[in-house]
Amino acid sequence: MATAALEIEGLRKSFGGVLAVNGVSLRLEPGRIYGLIGPNGSGKTTLFNCITGLERRDEGRVFFNGQPIDGLKPYQIARQGIGRTFQVIRVFPELTALENLLVVTQGDRAAAMERALELLRFVKLEGLKGEFAGNLSYGQQKLVEFVRMLMRDPSLILLDEPAAGVNRTLLNDLLDAVRRLRDQGKTVLLVEHDMKVVMGLCETVFVLDHGEKIAEGSPGAIQMDERVIEAYFGR
Ligand SMILES: Nc1ncnc2c1ncn2[C@@H]1O[C@H](COP(=O)(O)OP(=O)(O)OP(=O)(O)O)[C@@H](O)[C@H]1O
Ligand SMILES: [Mg+2]
């Protein structure tokens with residue numbers, strides 16, 4: 001078996017009495033797009049936070065390209081090649097779209113500029129490079145955050161509800177960009193409530209409920225799974 005892009009073993013994280021992630025294991029093969037779904041509060045964002053070092057897990061192990069990343073700081077994990085976006089958007093409204101990309105870079109200014117312009121082109125935002133991020137639409141801000149995450153050229157990309165609040169046109173640009181990243185060999189894990197987006201993008205979907213992985217499979221199979229239906233509609 002090839003080395004997994006990401007392998008999680010028995011991950012557990014609680015906040016006080018709340019078991020946010022309860023013994024989750026999963027494996028991502030390189031060059032594929034995976035979905036992570038589950039009702040509100042099922043632990044999706046907490047799982048991302050544990051992978052990226054923002055939260056310290058209570059138990060479990062995380063391997064990136066076969067190497068343990070347990071205990072590393074968020075910036076160290078980012079440097080190793082894991083990029084993520086946030087459920088609540090994080091752009092600098094008083095900086096231009098272009099500056100929002102440049103703030104994450106160090107060193108060679110010209111190379112960073114070239115990369116930033118290339119990425120804005122990648123999501124058809126080059127015409128807005130000089131616009132303050134605060135003046136962009138919500139969807140455009142999300143695209144800016146998305147390509148800023150790509151500045152360091154991560155090989156594993158974690159997206160927390162990228163489609164939420166994004167209009168149809170921008171959404172298609174985003175989904176197209178995600179597919180092209182996969183075609184470049186990158187691995188993508190996305191949290192998404194919109195099942196149409198999940199169906200159109202993901203080969204494999206993991207389902208969380210109350211912090212536990214209750215199902216794993218193709219989007220079609222997942223939608224027929226009794227435990228999944230119960231988790232979403234059974235209460
Ligand atoms: N920093 C925190 N302190 C205390 N409880 C937290 C914290 N972060 C998350 N939780 C709790 O952990 C559980 C999982 O939350 P999490 O945000 O991971 O869910 P989610 O699946 O991302 O939900 P949503 O779909 O609403 O974004 C919830 O019960 C939440 O209230
Ligand atoms: Mg969340």
# chains A, B, ... in the order shown; residues from 1 in each chain; ligands from 1
>>> residues_around(residues="region 57-73 of chain A", least_positions_apart="4", cutoff="7 Å", atoms="only C-alpha atoms", output="PyMOL selection string")
chain A and resi 3-13+50-51+53+77
>>> write_last_selection(atoms="N, CA and C atoms", output="tab-separated table (two decimals), in the first residue's frame")
chain	number	residue	atom	x	y	z
A	3	THR	N	2.09	5.10	0.71
A	3	THR	CA	2.00	5.91	1.93
A	3	THR	C	0.79	6.83	1.84
A	4	ALA	N	0.04	6.88	2.92
A	4	ALA	CA	-1.14	7.76	2.94
A	4	ALA	C	-0.68	9.21	2.99
A	5	ALA	N	-1.45	10.08	2.36
A	5	ALA	CA	-1.18	11.52	2.50
A	5	ALA	C	-1.44	11.94	3.94
A	6	LEU	N	-2.52	11.40	4.50
A	6	LEU	CA	-2.85	11.68	5.89
A	6	LEU	C	-3.42	10.43	6.52
A	7	GLU	N	-2.93	10.10	7.70
A	7	GLU	CA	-3.50	8.97	8.42
A	7	GLU	C	-3.73	9.39	9.86
A	8	ILE	N	-4.96	9.17	10.31
A	8	ILE	CA	-5.34	9.53	11.67
A	8	ILE	C	-5.73	8.25	12.39
A	9	GLU	N	-5.21	8.09	13.59
A	9	GLU	CA	-5.49	6.87	14.36
A	9	GLU	C	-6.06	7.23	15.73
A	10	GLY	N	-7.28	6.85	15.96
A	10	GLY	CA	-7.88	6.96	17.30
A	10	GLY	C	-7.83	8.35	17.91
A	11	LEU	N	-8.16	9.34	17.10
A	11	LEU	CA	-8.07	10.72	17.60
A	11	LEU	C	-9.22	11.05	18.55
A	12	ARG	N	-8.87	11.64	19.67
A	12	ARG	CA	-9.85	11.97	20.69
A	12	ARG	C	-9.57	13.38	21.20
A	13	LYS	N	-10.64	14.15	21.35
A	13	LYS	CA	-10.49	15.50	21.90
A	13	LYS	C	-11.77	15.89	22.63
A	50	CYS	N	-7.33	19.74	15.29
A	50	CYS	CA	-6.38	18.77	15.85
A	50	CYS	C	-5.31	18.39	14.81
A	51	ILE	N	-5.71	18.26	13.54
A	51	ILE	CA	-4.74	17.92	12.49
A	51	ILE	C	-3.72	19.05	12.33
A	53	GLY	N	-2.85	21.38	14.46
A	53	GLY	CA	-2.11	21.81	15.65
A	53	GLY	C	-2.72	22.98	16.40
A	77	ILE	N	3.42	22.76	11.09
A	77	ILE	CA	2.58	21.87	10.29
A	77	ILE	C	2.28	22.52	8.94
>>> residues_around(residues="Ala133 (chain A)", least_positions_apart="2", cutoff="9 Å", atoms="only C-alpha atoms", output="compact mmCIF listing (two decimals) with N, CA and C atoms, in the first residue's frame")
# COMPACT_ATOMS: atom_id res chain seq x y z
N VAL A 91 -9.78 37.16 6.33
CA VAL A 91 -8.98 38.00 5.44
C VAL A 91 -8.75 39.33 6.14
N PHE A 92 -7.76 40.09 5.68
CA PHE A 92 -7.52 41.42 6.22
C PHE A 92 -8.28 42.41 5.36
N PRO A 93 -9.40 42.98 5.89
CA PRO A 93 -10.26 43.83 5.06
C PRO A 93 -9.56 45.09 4.56
N GLU A 94 -8.57 45.60 5.33
CA GLU A 94 -7.92 46.85 4.93
C GLU A 94 -6.71 46.65 4.03
N LEU A 95 -6.46 45.40 3.69
CA LEU A 95 -5.40 45.13 2.70
C LEU A 95 -6.07 44.77 1.38
N THR A 96 -5.36 45.01 0.29
CA THR A 96 -5.91 44.64 -1.02
C THR A 96 -5.89 43.11 -1.15
N ALA A 97 -6.60 42.63 -2.17
CA ALA A 97 -6.61 41.20 -2.44
C ALA A 97 -5.17 40.69 -2.59
N LEU A 98 -4.38 41.41 -3.37
CA LEU A 98 -2.98 41.00 -3.61
C LEU A 98 -2.18 41.02 -2.30
N ASN A 100 -3.25 40.62 0.66
CA ASN A 100 -3.68 39.51 1.51
C ASN A 100 -2.89 38.24 1.22
N LYS A 129 -7.20 42.60 -8.02
CA LYS A 129 -6.01 42.48 -7.15
C LYS A 129 -5.79 43.74 -6.29
N GLY A 130 -6.17 44.94 -6.82
CA GLY A 130 -5.93 46.17 -6.09
C GLY A 130 -7.09 46.60 -5.20
N GLU A 131 -8.14 45.80 -5.19
CA GLU A 131 -9.33 46.15 -4.39
C GLU A 131 -9.11 45.74 -2.93
N ASN A 135 -13.94 45.28 0.52
CA ASN A 135 -14.92 45.71 -0.49
C ASN A 135 -15.37 44.57 -1.39
N LEU A 136 -14.73 43.41 -1.26
CA LEU A 136 -15.09 42.28 -2.11
C LEU A 136 -16.34 41.59 -1.56
N SER A 137 -17.03 40.86 -2.43
CA SER A 137 -18.18 40.08 -1.96
C SER A 137 -17.68 38.98 -1.03
N GLN A 140 -15.99 36.29 -2.95
CA GLN A 140 -14.66 36.68 -3.42
C GLN A 140 -13.65 36.67 -2.28
N GLN A 141 -14.09 37.08 -1.09
CA GLN A 141 -13.19 37.03 0.08
C GLN A 141 -12.79 35.59 0.37
N VAL A 144 -10.16 34.61 -1.98
CA VAL A 144 -8.87 35.22 -1.59
C VAL A 144 -8.23 34.38 -0.48
>>> residues_near_ligand(ligand="ligand 2", cutoff="9 Å", atoms="only C-alpha atoms and all ligand atoms", output="ChimeraX atom specification")
/A:40-46,48,86-88,160-161,191
>>> select_by_dssp(residues="region 150-207 of chain A", states="helix (DSSP H, G or I)", output="list in words")
Arg168, Thr169, Leu170, Leu171, Asn172, Asp173, Leu174, Leu175, Asp176, Ala177, Val178, Arg179, Arg180, Leu181, Arg182, Asp183, Met195, Lys196, Val197, Val198, Met199, Gly200 and Leu201 of chain A
>>> select_by_dssp(residues="region 28-128 of chain A", states="strand (DSSP E)", output="tab-separated table (two decimals) with N, CA and C atoms, in the first residue's frame")
chain	number	residue	atom	x	y	z
A	28	LEU	N	-6.29	9.08	4.11
A	28	LEU	CA	-6.46	9.76	2.83
A	28	LEU	C	-5.34	9.34	1.89
A	33	ILE	N	-9.89	13.63	-3.65
A	33	ILE	CA	-10.72	14.60	-2.93
A	33	ILE	C	-11.67	13.83	-2.01
A	34	TYR	N	-11.63	14.15	-0.73
A	34	TYR	CA	-12.47	13.49	0.27
A	34	TYR	C	-13.42	14.51	0.89
A	35	GLY	N	-14.58	14.00	1.30
A	35	GLY	CA	-15.54	14.84	1.99
A	35	GLY	C	-15.62	14.46	3.46
A	36	LEU	N	-15.92	15.44	4.29
A	36	LEU	CA	-16.15	15.19	5.72
A	36	LEU	C	-17.46	15.87	6.06
A	37	ILE	N	-18.48	15.05	6.37
A	37	ILE	CA	-19.79	15.63	6.65
A	37	ILE	C	-20.27	15.17	8.02
A	59	GLU	N	-5.84	12.19	22.74
A	59	GLU	CA	-5.29	10.89	22.38
A	59	GLU	C	-5.27	10.77	20.86
A	60	GLY	N	-4.47	9.82	20.39
A	60	GLY	CA	-4.46	9.52	18.96
A	60	GLY	C	-3.23	10.05	18.27
A	61	ARG	N	-3.05	9.58	17.04
A	61	ARG	CA	-1.86	9.96	16.28
A	61	ARG	C	-2.25	10.46	14.90
A	62	VAL	N	-1.42	11.36	14.39
A	62	VAL	CA	-1.65	11.91	13.05
A	62	VAL	C	-0.34	11.81	12.27
A	63	PHE	N	-0.42	11.19	11.11
A	63	PHE	CA	0.74	11.04	10.23
A	63	PHE	C	0.48	11.75	8.91
A	64	PHE	N	1.44	12.58	8.53
A	64	PHE	CA	1.36	13.30	7.26
A	64	PHE	C	2.45	12.73	6.35
A	67	GLN	N	4.85	10.51	8.18
A	67	GLN	CA	5.62	11.05	9.31
A	67	GLN	C	4.67	11.57	10.39
A	68	PRO	N	4.96	11.26	11.66
A	68	PRO	CA	4.09	11.80	12.71
A	68	PRO	C	4.20	13.32	12.81
A	82	ILE	N	0.71	21.34	4.90
A	82	ILE	CA	-0.74	21.23	5.10
A	82	ILE	C	-1.32	22.65	5.12
A	83	GLY	N	-2.27	22.89	4.22
A	83	GLY	CA	-2.92	24.19	4.17
A	83	GLY	C	-4.37	24.05	4.57
A	84	ARG	N	-4.95	25.09	5.14
A	84	ARG	CA	-6.36	25.01	5.51
A	84	ARG	C	-7.04	26.37	5.36
>>> closest_residue(among="A:Leu174, A:Leu125, A:Leu208, A:Val198", to="ligand 1", atoms="only C-alpha atoms and all ligand atoms")
A:Leu208
>>> atom_distance(atom1="CA of Leu101 (chain A)", atom2="CA of Ala78 (chain A)")
15.2 Å
>>> residues_around(residues="Leu150 (chain A)", least_positions_apart="6", cutoff="12 Å", atoms="only C-alpha atoms", output="PyMOL selection string")
chain A and resi 78-79+81-85+101-102+104-105+112+115-120+122-123+143-144+156-159+177-178+181+186
>>> closest_residue(among="A:Arg56, A:Arg227, A:Arg32, A:Arg90", to="ligand 1", atoms="only C-alpha atoms and all ligand atoms")
A:Arg56
>>> closest_residue(among="A:Pro30, A:Gly139, A:Gly38, A:Pro162", to="ligand 1", atoms="only C-alpha atoms and all ligand atoms")
A:Gly38
>>> atom_distance(atom1="CA of His210 (chain A)", atom2="atom 21 (O, counted along the ligand's line) of ligand 1")
8.4 Å
>>> closest_residue(among="A:Asp183, A:Glu114, A:Glu126, A:Glu192", to="ligand 1", atoms="only C-alpha atoms and all ligand atoms")
A:Glu192
